[in-house]
Structures are given as C-alpha cells and as structure tokens.
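Enquirer: Sharing run_34.cif here; it has mmCIF, C-alpha atoms.
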```
data_start
#
loop_
_atom_site.label_atom_id
_atom_site.label_comp_id
_atom_site.auth_asym_id
_atom_site.auth_seq_id
_atom_site.Cartn_x
_atom_site.Cartn_y
_atom_site.Cartn_z
CA MET X 1 11.38 -39.84 -65.20
CA LYS X 2 7.62 -39.95 -65.82
CA GLY X 3 5.76 -37.78 -68.31
CA PHE X 4 2.36 -37.55 -69.97
CA VAL X 5 2.88 -38.58 -73.59
CA PHE X 6 0.67 -37.98 -76.63
CA HIS X 7 0.49 -41.04 -78.88
CA GLY X 8 -1.99 -39.79 -81.46
CA PRO X 9 -5.63 -38.64 -81.42
CA GLY X 10 -7.37 -40.18 -78.42
CA GLN X 11 -4.21 -41.91 -77.20
CA SER X 12 -1.99 -40.83 -74.31
CA ALA X 13 -0.26 -42.26 -71.24
CA TRP X 14 1.66 -41.33 -68.07
CA GLN X 15 4.83 -43.32 -68.67
CA ASP X 16 8.61 -43.52 -68.44
CA VAL X 17 10.40 -41.01 -70.68
CA PRO X 18 14.06 -39.95 -70.92
CA ASP X 19 15.29 -37.32 -68.48
CA PRO X 20 15.80 -33.94 -70.16
CA ALA X 21 19.32 -32.61 -70.57
CA ILE X 22 20.90 -29.27 -71.41
CA LYS X 23 21.18 -29.01 -75.21
CA GLU X 24 21.98 -25.33 -75.65
CA ALA X 25 23.84 -22.85 -73.48
CA THR X 26 20.61 -20.89 -72.99
CA ASP X 27 18.65 -23.88 -71.59
CA ALA X 28 17.51 -24.54 -68.05
CA ILE X 29 16.24 -27.76 -66.49
CA VAL X 30 13.31 -27.29 -64.12
CA ARG X 31 12.08 -29.83 -61.61
CA VAL X 32 8.32 -29.58 -61.95
CA ASP X 33 6.42 -28.96 -58.71
CA VAL X 34 3.01 -27.88 -60.05
CA VAL X 35 1.37 -28.14 -63.47
CA THR X 36 -2.09 -27.64 -64.88
CA ILE X 37 -4.00 -28.80 -67.94
CA CYS X 38 -5.09 -26.42 -70.68
CA GLY X 39 -8.02 -26.61 -73.06
CA THR X 40 -5.41 -26.60 -75.82
CA ASP X 41 -4.13 -29.94 -74.48
CA LEU X 42 -7.62 -31.35 -75.03
CA HIS X 43 -7.56 -30.00 -78.58
CA ILE X 44 -4.25 -31.81 -79.12
CA LEU X 45 -5.70 -35.08 -77.86
CA LYS X 46 -8.61 -34.68 -80.27
CA GLY X 47 -6.21 -34.25 -83.18
CA ASP X 48 -6.95 -30.55 -83.72
CA VAL X 49 -3.25 -29.58 -83.56
CA PRO X 50 -1.54 -31.80 -86.15
CA GLU X 51 1.91 -30.27 -85.54
CA VAL X 52 2.13 -32.25 -82.28
CA ARG X 53 3.87 -35.51 -83.08
CA PRO X 54 3.19 -38.79 -81.33
CA GLY X 55 5.73 -39.30 -78.56
CA THR X 56 5.62 -35.68 -77.36
CA VAL X 57 5.28 -34.91 -73.65
CA LEU X 58 2.34 -32.51 -73.35
CA GLY X 59 1.94 -29.40 -71.24
CA HIS X 60 3.08 -25.78 -71.44
CA GLU X 61 2.44 -24.43 -67.91
CA ALA X 62 4.42 -25.16 -64.75
CA VAL X 63 5.95 -23.91 -61.54
CA GLY X 64 9.12 -25.57 -60.33
CA GLU X 65 12.72 -25.26 -59.23
CA ILE X 66 15.73 -24.64 -61.43
CA VAL X 67 18.09 -27.60 -61.06
CA GLU X 68 20.57 -26.91 -63.88
CA THR X 69 21.34 -24.08 -66.31
CA GLY X 70 23.44 -23.64 -69.40
CA ARG X 71 26.45 -21.36 -69.27
CA ASP X 72 24.59 -18.47 -70.98
CA VAL X 73 21.70 -18.31 -68.49
CA HIS X 74 22.14 -15.29 -66.23
CA THR X 75 18.77 -14.33 -64.70
CA VAL X 76 18.10 -17.52 -62.72
CA GLN X 77 20.22 -20.15 -61.02
CA PRO X 78 19.77 -23.59 -59.44
CA GLY X 79 17.49 -23.38 -56.43
CA ASP X 80 15.31 -20.58 -57.78
CA ARG X 81 11.56 -21.16 -57.80
CA VAL X 82 10.20 -20.12 -61.19
CA LEU X 83 7.11 -19.87 -63.34
CA VAL X 84 7.59 -21.58 -66.70
CA SER X 85 5.85 -19.49 -69.34
CA CYS X 86 3.73 -21.13 -72.02
CA ILE X 87 5.66 -19.02 -74.56
CA THR X 88 9.38 -19.25 -75.18
CA ALA X 89 11.23 -16.16 -76.44
CA CYS X 90 14.62 -16.06 -78.16
CA GLY X 91 14.84 -12.30 -77.53
CA ARG X 92 16.66 -11.61 -80.80
CA CYS X 93 14.23 -11.93 -83.70
CA ARG X 94 12.02 -9.15 -85.06
CA PHE X 95 8.93 -10.44 -83.29
CA CYS X 96 10.66 -10.64 -79.92
CA TRP X 97 11.89 -7.07 -80.35
CA GLU X 98 8.24 -6.11 -80.89
CA ARG X 99 7.16 -8.10 -77.78
CA THR X 100 5.10 -10.48 -79.91
CA TYR X 101 6.90 -13.44 -78.40
CA GLY X 102 4.22 -15.90 -79.50
CA GLN X 103 5.43 -15.40 -83.08
CA CYS X 104 9.14 -15.84 -82.23
CA ARG X 105 11.17 -17.00 -85.23
CA GLY X 106 14.35 -17.76 -83.35
CA GLY X 107 13.29 -21.13 -82.01
CA GLY X 108 10.67 -19.91 -79.56
CA GLY X 109 6.94 -19.20 -79.57
CA TRP X 110 4.61 -21.92 -78.37
CA ILE X 111 7.00 -24.85 -78.41
CA LEU X 112 6.58 -26.60 -75.04
CA GLY X 113 4.18 -29.51 -75.43
CA HIS X 114 3.80 -28.56 -79.08
CA VAL X 115 7.01 -29.14 -81.01
CA ILE X 116 9.25 -30.16 -78.09
CA ASP X 117 8.57 -32.03 -74.86
CA GLY X 118 6.48 -30.05 -72.41
CA THR X 119 5.87 -29.54 -68.73
CA GLN X 120 3.55 -32.41 -67.76
CA ALA X 121 6.46 -34.43 -66.45
CA GLU X 122 8.76 -34.59 -63.47
CA TYR X 123 11.39 -32.42 -65.22
CA VAL X 124 11.34 -30.15 -68.25
CA ARG X 125 13.98 -28.49 -70.43
CA VAL X 126 13.17 -24.82 -71.03
CA PRO X 127 14.99 -23.16 -73.95
CA TYR X 128 15.97 -19.49 -73.73
CA ALA X 129 15.48 -19.56 -69.97
CA ASP X 130 16.46 -15.93 -69.38
CA LEU X 131 13.28 -14.75 -71.11
CA SER X 132 11.09 -17.81 -70.69
CA VAL X 133 10.95 -18.35 -66.94
CA HIS X 134 10.05 -15.86 -64.23
CA ALA X 135 11.47 -15.92 -60.71
CA LEU X 136 8.58 -16.10 -58.26
CA PRO X 137 8.14 -13.98 -55.15
CA GLY X 138 7.56 -15.98 -52.00
CA ALA X 139 4.17 -14.29 -51.55
CA VAL X 140 2.71 -16.10 -54.58
CA ASP X 141 1.55 -19.67 -53.93
CA SER X 142 2.59 -22.18 -56.58
CA LYS X 143 -1.01 -23.26 -57.25
CA ASP X 144 -1.90 -19.65 -57.96
CA ALA X 145 1.24 -18.85 -59.92
CA VAL X 146 0.74 -21.69 -62.41
CA LEU X 147 -2.43 -19.95 -63.65
CA LEU X 148 -0.21 -17.07 -64.78
CA ALA X 149 1.70 -19.30 -67.18
CA ASP X 150 -1.09 -19.19 -69.77
CA ILE X 151 -4.73 -18.57 -68.91
CA PHE X 152 -4.45 -15.15 -67.26
CA PRO X 153 -2.05 -13.69 -69.86
CA THR X 154 -4.22 -15.19 -72.61
CA GLY X 155 -7.52 -13.87 -71.30
CA TYR X 156 -5.94 -10.48 -70.63
CA GLU X 157 -3.83 -9.99 -73.77
CA VAL X 158 -5.79 -11.81 -76.47
CA GLY X 159 -9.21 -11.01 -75.01
CA VAL X 160 -9.22 -7.77 -73.03
CA LEU X 161 -6.32 -5.87 -74.60
CA ASN X 162 -6.84 -7.02 -78.20
CA GLY X 163 -10.54 -6.30 -77.75
CA ARG X 164 -9.69 -2.79 -76.52
CA VAL X 165 -11.99 -2.77 -73.53
CA HIS X 166 -12.64 0.78 -72.34
CA PRO X 167 -14.43 2.33 -69.37
CA GLY X 168 -18.18 2.24 -69.86
CA ASP X 169 -18.12 -0.58 -72.44
CA THR X 170 -20.49 -3.49 -72.65
CA VAL X 171 -18.36 -6.63 -72.86
CA ALA X 172 -19.74 -10.06 -73.76
CA VAL X 173 -17.61 -13.12 -73.05
CA VAL X 174 -18.76 -16.19 -74.97
CA GLY X 175 -17.42 -19.29 -73.25
CA VAL X 176 -16.60 -18.97 -69.56
CA GLY X 177 -14.19 -21.78 -69.04
CA PRO X 178 -10.87 -20.79 -67.45
CA ILE X 179 -9.82 -18.42 -70.26
CA GLY X 180 -13.18 -16.69 -70.36
CA LEU X 181 -13.19 -16.35 -66.59
CA ALA X 182 -9.70 -14.86 -66.70
CA ALA X 183 -10.98 -12.37 -69.29
CA ILE X 184 -13.85 -11.44 -66.97
CA ALA X 185 -11.49 -10.98 -64.02
CA THR X 186 -8.98 -8.84 -65.93
CA GLY X 187 -11.62 -7.01 -67.97
CA GLN X 188 -12.85 -5.39 -64.76
CA LEU X 189 -9.54 -3.53 -64.53
CA TYR X 190 -10.87 -1.26 -67.30
CA ALA X 191 -14.19 -0.38 -65.61
CA PRO X 192 -16.67 -1.56 -68.26
CA GLU X 193 -20.31 -0.69 -67.65
CA ARG X 194 -21.25 -4.36 -67.72
CA ILE X 195 -19.85 -7.79 -68.51
CA ILE X 196 -22.19 -10.44 -69.92
CA ALA X 197 -21.16 -14.10 -69.67
CA VAL X 198 -22.48 -16.66 -72.16
CA ASP X 199 -22.11 -20.42 -71.76
CA LEU X 200 -24.02 -23.71 -71.81
CA ASP X 201 -22.94 -24.78 -68.33
CA PRO X 202 -24.90 -23.35 -65.36
CA GLY X 203 -21.96 -24.04 -63.05
CA ARG X 204 -19.62 -21.96 -65.18
CA LEU X 205 -22.16 -19.17 -65.39
CA GLU X 206 -22.31 -19.15 -61.59
CA ALA X 207 -18.50 -18.94 -61.50
CA ALA X 208 -18.69 -16.01 -63.91
CA LYS X 209 -21.05 -14.21 -61.54
CA ARG X 210 -18.67 -14.80 -58.63
CA LEU X 211 -15.81 -13.33 -60.66
CA GLY X 212 -17.75 -10.20 -61.56
CA ALA X 213 -20.07 -10.83 -64.52
CA ASP X 214 -23.09 -8.53 -64.29
CA ALA X 215 -25.39 -10.72 -66.37
CA VAL X 216 -25.31 -14.29 -67.64
CA ALA X 217 -27.03 -16.04 -70.55
CA ASP X 218 -27.52 -19.62 -71.62
CA ALA X 219 -25.98 -19.97 -75.07
CA ARG X 220 -29.05 -21.94 -76.20
CA GLU X 221 -31.48 -19.13 -75.38
CA ALA X 222 -30.73 -16.36 -77.90
CA PRO X 223 -28.06 -14.52 -75.88
CA GLU X 224 -27.75 -11.93 -78.64
CA GLN X 225 -31.25 -10.78 -77.69
CA LEU X 226 -30.15 -10.21 -74.09
CA VAL X 227 -27.19 -8.18 -75.35
CA ALA X 228 -29.51 -6.15 -77.57
CA ASP X 229 -31.95 -5.56 -74.72
CA LEU X 230 -29.18 -4.34 -72.40
CA THR X 231 -27.69 -2.00 -75.01
CA ASP X 232 -30.81 -0.42 -76.53
CA GLY X 233 -30.31 -2.54 -79.62
CA LEU X 234 -26.72 -1.43 -80.30
CA GLY X 235 -24.85 -4.62 -79.41
CA ALA X 236 -21.74 -5.16 -77.32
CA ASP X 237 -18.72 -2.90 -77.66
CA VAL X 238 -16.40 -5.90 -77.20
CA VAL X 239 -17.18 -9.58 -77.69
CA ILE X 240 -14.59 -12.14 -76.58
CA GLU X 241 -14.80 -15.60 -78.17
CA ALA X 242 -13.32 -18.12 -75.74
CA VAL X 243 -14.61 -21.44 -77.05
CA GLY X 244 -13.11 -22.17 -80.46
CA ALA X 245 -16.17 -23.37 -82.38
CA PRO X 246 -17.76 -22.07 -85.61
CA GLU X 247 -21.10 -21.57 -83.87
CA THR X 248 -19.70 -19.43 -81.09
CA PHE X 249 -17.55 -17.32 -83.43
CA GLU X 250 -20.58 -16.59 -85.60
CA LEU X 251 -22.60 -15.78 -82.47
CA CYS X 252 -19.96 -13.24 -81.48
CA THR X 253 -20.21 -11.49 -84.85
CA ARG X 254 -23.98 -11.19 -84.37
CA MET X 255 -23.58 -9.67 -80.89
CA VAL X 256 -21.07 -6.94 -81.69
CA ARG X 257 -22.18 -3.37 -82.32
CA PRO X 258 -21.16 -1.34 -85.39
CA GLY X 259 -17.63 -0.12 -84.74
CA GLY X 260 -17.07 -2.78 -82.08
CA HIS X 261 -14.42 -5.43 -81.58
CA VAL X 262 -14.55 -9.22 -81.71
CA ALA X 263 -11.51 -10.71 -79.96
CA ASN X 264 -11.11 -14.38 -80.86
CA VAL X 265 -9.25 -16.32 -78.18
CA GLY X 266 -10.56 -19.85 -78.78
CA VAL X 267 -8.52 -22.55 -80.52
CA HIS X 268 -10.44 -23.54 -83.66
CA GLY X 269 -10.22 -27.02 -85.11
CA ARG X 270 -12.83 -26.43 -87.83
CA PRO X 271 -13.50 -23.62 -90.32
CA ALA X 272 -15.88 -20.86 -89.30
CA THR X 273 -17.92 -18.76 -91.71
CA LEU X 274 -17.13 -15.05 -91.82
CA HIS X 275 -20.38 -13.38 -92.81
CA LEU X 276 -18.95 -10.42 -94.68
CA GLU X 277 -22.31 -9.91 -96.37
CA ASP X 278 -23.47 -8.62 -92.98
CA LEU X 279 -20.23 -7.32 -91.50
CA TRP X 280 -18.67 -5.35 -94.35
CA ILE X 281 -20.73 -2.25 -93.55
CA LYS X 282 -20.43 -2.39 -89.75
CA ASN X 283 -16.83 -1.18 -89.20
CA VAL X 284 -16.19 -4.26 -87.04
CA THR X 285 -12.64 -5.15 -86.00
CA ILE X 286 -11.86 -8.86 -85.59
CA THR X 287 -8.62 -9.88 -83.91
CA THR X 288 -7.03 -13.27 -83.48
CA GLY X 289 -3.97 -14.14 -81.52
CA LEU X 290 -1.67 -16.46 -79.69
CA VAL X 291 -0.70 -15.10 -76.31
CA ASP X 292 2.67 -13.31 -76.14
CA THR X 293 2.98 -13.29 -72.31
CA TYR X 294 4.45 -9.78 -72.26
CA SER X 295 1.98 -9.04 -69.44
CA THR X 296 3.21 -11.84 -67.15
CA PRO X 297 5.47 -9.62 -64.97
CA THR X 298 2.57 -7.21 -64.41
CA LEU X 299 0.17 -10.03 -63.59
CA LEU X 300 2.70 -11.53 -61.18
CA ARG X 301 2.92 -8.24 -59.31
CA MET X 302 -0.85 -8.09 -59.14
CA ALA X 303 -1.05 -11.67 -57.86
CA ALA X 304 1.55 -10.91 -55.18
CA ALA X 305 -0.58 -7.95 -54.10
CA GLY X 306 -3.72 -10.11 -53.93
CA ARG X 307 -5.34 -8.34 -56.89
CA LEU X 308 -6.07 -11.41 -59.05
CA PRO X 309 -8.66 -14.06 -58.10
CA THR X 310 -6.49 -16.98 -59.16
CA SER X 311 -7.52 -19.38 -56.40
CA ALA X 312 -11.17 -19.07 -57.39
CA LEU X 313 -10.47 -20.93 -60.63
CA VAL X 314 -8.86 -24.02 -59.07
CA THR X 315 -11.55 -26.64 -58.48
CA HIS X 316 -9.55 -29.90 -58.35
CA THR X 317 -6.06 -30.89 -57.20
CA PHE X 318 -4.17 -34.12 -57.85
CA PRO X 319 -0.72 -35.58 -57.27
CA LEU X 320 1.44 -35.37 -60.38
CA ASP X 321 1.25 -39.11 -60.98
CA GLN X 322 -2.56 -38.96 -61.30
CA MET X 323 -2.29 -37.18 -64.65
CA GLU X 324 -4.65 -39.53 -66.45
CA GLU X 325 -7.35 -39.11 -63.79
CA ALA X 326 -6.89 -35.33 -63.89
CA TYR X 327 -7.31 -35.28 -67.68
CA ASP X 328 -10.51 -37.30 -67.35
CA VAL X 329 -11.94 -34.87 -64.79
CA PHE X 330 -10.94 -31.83 -66.85
CA ALA X 331 -12.30 -33.27 -70.10
CA ARG X 332 -15.68 -34.01 -68.46
CA ALA X 333 -16.06 -30.54 -67.01
CA ALA X 334 -19.81 -30.48 -67.64
CA ASP X 335 -20.17 -33.46 -65.31
CA THR X 336 -17.37 -32.76 -62.83
CA GLY X 337 -17.64 -28.97 -62.51
CA ALA X 338 -13.92 -28.64 -63.26
CA LEU X 339 -12.52 -25.22 -64.06
CA LYS X 340 -8.78 -25.63 -63.52
CA VAL X 341 -7.16 -28.80 -62.28
CA VAL X 342 -3.76 -28.43 -60.63
CA LEU X 343 -1.33 -31.30 -60.18
CA GLY X 344 1.74 -31.63 -58.03
CA GLU X 345 3.08 -31.09 -54.57
CA PRO X 346 4.85 -27.74 -54.18
CA GLN X 347 8.22 -28.09 -52.50
CA HIS X 348 8.62 -24.46 -51.40
CA ASP X 349 6.33 -22.05 -49.59
CA VAL X 350 8.81 -19.19 -49.18
CA VAL X 351 11.91 -18.45 -51.21
CA ALA X 352 14.54 -15.98 -50.14
CA VAL X 353 15.02 -13.04 -52.49
CA ARG X 354 18.43 -13.18 -54.13
CA ALA X 355 20.25 -9.87 -54.50
CA ALA X 356 20.66 -8.61 -58.06
#
```
Turn this file's structure into structure tokens for me.

Expert:
Amino acid sequence: MKGFVFHGPGQSAWQDVPDPAIKEATDAIVRVDVVTICGTDLHILKGDVPEVRPGTVLGHEAVGEIVETGRDVHTVQPGDRVLVSCITACGRCRFCWERTYGQCRGGGGWILGHVIDGTQAEYVRVPYADLSVHALPGAVDSKDAVLLADIFPTGYEVGVLNGRVHPGDTVAVVGVGPIGLAAIATGQLYAPERIIAVDLDPGRLEAAKRLGADAVADAREAPEQLVADLTDGLGADVVIEAVGAPETFELCTRMVRPGGHVANVGVHGRPATLHLEDLWIKNVTITTGLVDTYSTPTLLRMAAAGRLPTSALVTHTFPLDQMEEAYDVFARAADTGALKVVLGEPQHDVVAVRAA
C-alpha cells in the first residue's frame, strides 16, 4: 500500500509501505477513506517530537471501513464505517479507568503516527479497537466526522473544559487555527459573555468571527490592552493558548485575570518562561493536557444533530495520493488560507444501523 512516511526533520514522502496486519487479538484493520493533517504533524516534520522515528507513517485521524478484526474485538465488525480516534485506549490501566485515555499505560495513548504507523495511508492497524474506534451514524458525513478524531475533542476538552468556561465569562483564544476555532465553536455551549480571538492572520480572524468570536485582535497590536478595555481592566476569565510558542504562552499569562484560568493546548517545541514573579500572587490556574477523547461520543451526537460547525473548517480537499501537495498547502496556511485539509474519497454515504 501507499503511506506518508517521516524520514527525519524536513524529510517525508508518499511511498510504498508494507500492508498492516493483525498483531494482537484486540486489533482492527481499517481501510482509510478520509484523513486530515494536524498541526502536530507539522511539529513532527520540524523535529519537535523526537519520539517519532524515521520510517513511521504519520497521521492520527481518519474515517474508514473495518476490513478485518482480531478475535477479541466485539463492538465493530468488517463493513462498519468508523471514526479512528487520535487516542488509543487499553481500557484496563488506572488512567483509562479515570477516562484520561491520553495517558494510557497499557499500550495506548497517542500512539498512531507517533510510536506506531498512523492513518495517513491506504490502510491502518488500530490497536484496542473496541475503545479506539467509533461506529459512525449515516447522518454524519465522513469529511465532517474526521474533524472529531482530534481537533474538536482537543479544543473542547483541553481548552474549554480544562479552562472551566462558565456562563458570563470573557474567554480569549490565542491562535485561531483549527484547534482554536474548535475551542471557539464549543466554548459557546457554555454561554460566555464574549469570546476574543487573537491571531496574526486576518483570514483566520475572519473565520473566528464566522464561528462566533465577538471581538478579534491582531497579535502584533497589544491584544492584552483590548482584553483589559473590554473587562474594565480585570483581564479574561479564561485564556486558551492554541499556538505552542513561548511568546503566545507568555501573552496568555498577561491576559488572564486574578483567579482566572490559562488552558494550554498548543504543542511546544521550545521552553517558555513562567513568570512566577508576577503570577504567584494572582491565584491563576494553568492547565496543560493531551486530549483524552472521552467527549467524542457526545460530539458525534451533536454533529449528527447538526449542532457543530465542522464543515466550516474544511477549506481544501485532495485525493489521498496528493498527500505531499496537501501538506504543502497546510504548512503555508498564511499564503493559502488553509484551515483544515481533508484527503480521500469516502466510499459510503449511508450505513445501515446494525442491531446490538
């Protein structure tokens, strides 16, 4: 089969790779219909994630069809259309019992496209399939569903829920790429007074407005002053960092009010300074996190009901074999206007519901 292979920082190729095979009784093999590219994949290509070894097929998000299962897989069967989660869960370790699947110690966590071959290929092996794939309702289009593999759970769990957004809050989202936009979309579920979007890219700020941001600010033009002006000098109740750079993290800590929350979502490849000389007295809570995807079933129900603006984030589509072109477009988002790029040709529009 073909897959998109990482060969070291700055080196990758769409090339022939071995077909995946069942290795454990809990595995499933999925024929990939639709995939997308994540900002984390760009971090890998830059060398920011050294755990990824050369020769690894990248990707951790997909929609496809089950073609084979191990003997201990019971929740899906060949022919089922499924969402492949970015997080794999063994279901037995302490962290899985606590629903913090991203920290799984039983062979799961973020493994696809990280420590084992991932989804940016024609087929993928998914370990622990019973807890790591989700059967899809026919009402959810594959191009929409693939955004629920990572970016919507991440923006919602690591941004909105970790940040403890409440009704009446002022929420600032720093970085309105796909994750930040997902945080804006899901943050509105909690009826904040206002959401302020901060970015360098005018196109992304316009997208943030379309998805519900009440105010936008150019990151180069003292956005903390706008936040102060809109909050009578208090600062934002919740600030969501969705870039992964020292400058943006430090900006977030300057924007937050005393007693507020900074929810770091961005993947950081460099150290950031924690200014405790300023923060120690402010009762600020800072959270970090890898997504756990415990919210995926809820988000799927919302998508099926038309309550999530998933389609609004898809700006470019490609056939699966144009992976290199898609990466180029996604990596040059400032020039191309890319938010999410989706690759593949879905094979199913409607799937019959199988009786339990």

Enquirer: Name every residue that the PyMOL selection byres ((chain X and resi 161) around 12) selects in this structure, writing the answer as an MDAnalysis selection string with chains first and numbers rising.

Expert: chainID X and resid 152:160 162:166 183 186:190 238:240 261:265 287:289 291:292 294:295

Enquirer: Run through the PyMOL selection byres ((chain X and resi 24-35) around 8) on the given coordinates and return the selected residues as number ranges by chain.

Expert: X: 20-23, 36-37, 59, 61-73, 119-130, 142-143, 146, 320, 342-347

Enquirer: Find, counting only C-alpha atoms, the residue in X:Leu274, X:Val314, X:Val176, X:Cys104 that gets nearest to X:Val198.

Expert: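 Looking only at the distances to X:Val198, the closest residue turns out to be X:Val176.
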
Enquirer: Report, in Å with one decimal, the straight-line distance from atom CA of X:Glu241 to atom CA of X:Gly266.

Expert: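 These two atoms are separated by 6.0 Å.
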
Enquirer: Could you check which of X:Ala334, X:Leu42, X:Leu131, X:Val84 is closest to X:Tyr101, using only C-alpha atoms?

Expert: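 Nearest to X:Tyr101: X:Leu131.
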
Enquirer: Run the PyMOL selection byres ((chain X and resi 329) around 12) mentally over the shown coordinates, then write out the matched residues as a list in words, using the chain letters and numbers from the document.

Expert: Ile37, Leu42, Thr315, His316, Thr317, Phe318, Gln322, Met323, Glu324, Glu325, Ala326, Tyr327, Asp328, Phe330, Ala331, Arg332, Ala333, Ala334, Asp335, Thr336, Gly337, Ala338, Leu339, Lys340, Val341 and Val342 of chain X

Enquirer: In Å, rounded to a single decimal, give me how far atom CA of X:Gln225 is from atom CA of X:Leu211.

Expert: 23.1 Å

Enquirer: Quick check, in Å to one decimal: how far apart do atom CA of X:Val173 and atom CA of X:Ile196 lie?

Expert: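 Pair atom CA of X:Val173 / atom CA of X:Ile196 returns 6.2 Å.
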
Enquirer: Restricting the calculation to all atoms listed in the file: of X:Arg99, X:His114, X:Arg81, X:Lys282, which residue gets closest to X:Pro137?

Expert: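 Smallest separation from X:Pro137 among the options: X:Arg81.
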
Enquirer: Could you check which of X:Ala304, X:Leu234, X:Ala272, X:Val133 is closest to X:Thr75, using all atoms listed in the file?

Expert: X:Val133

Enquirer: In the coordinate frame of the file, compute which residues have an atom within 10 Å of (2.1, -12.0, -60.0) when using all atoms listed in the file, and state them as a ChimeraX atom specification.

Expert: /X:83,134,136-137,139-141,144-145,147-148,295-308,310

Enquirer: Ranking X:Pro78, X:Gly55, X:Gly235, X:Gly259 by minimum distance to X:Val115 and counting all atoms listed in the file, which one comes first?

Expert: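 Under the stated criterion, the closest residue is X:Gly55.
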
Enquirer: For X:Ala208, which residue out of X:Ile111, X:Ala89, X:Ala312, X:Leu279 is the nearest one, using all atoms listed in the file?

Expert: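 Counting all atoms listed in the file, the residue closest to X:Ala208 is X:Ala312.
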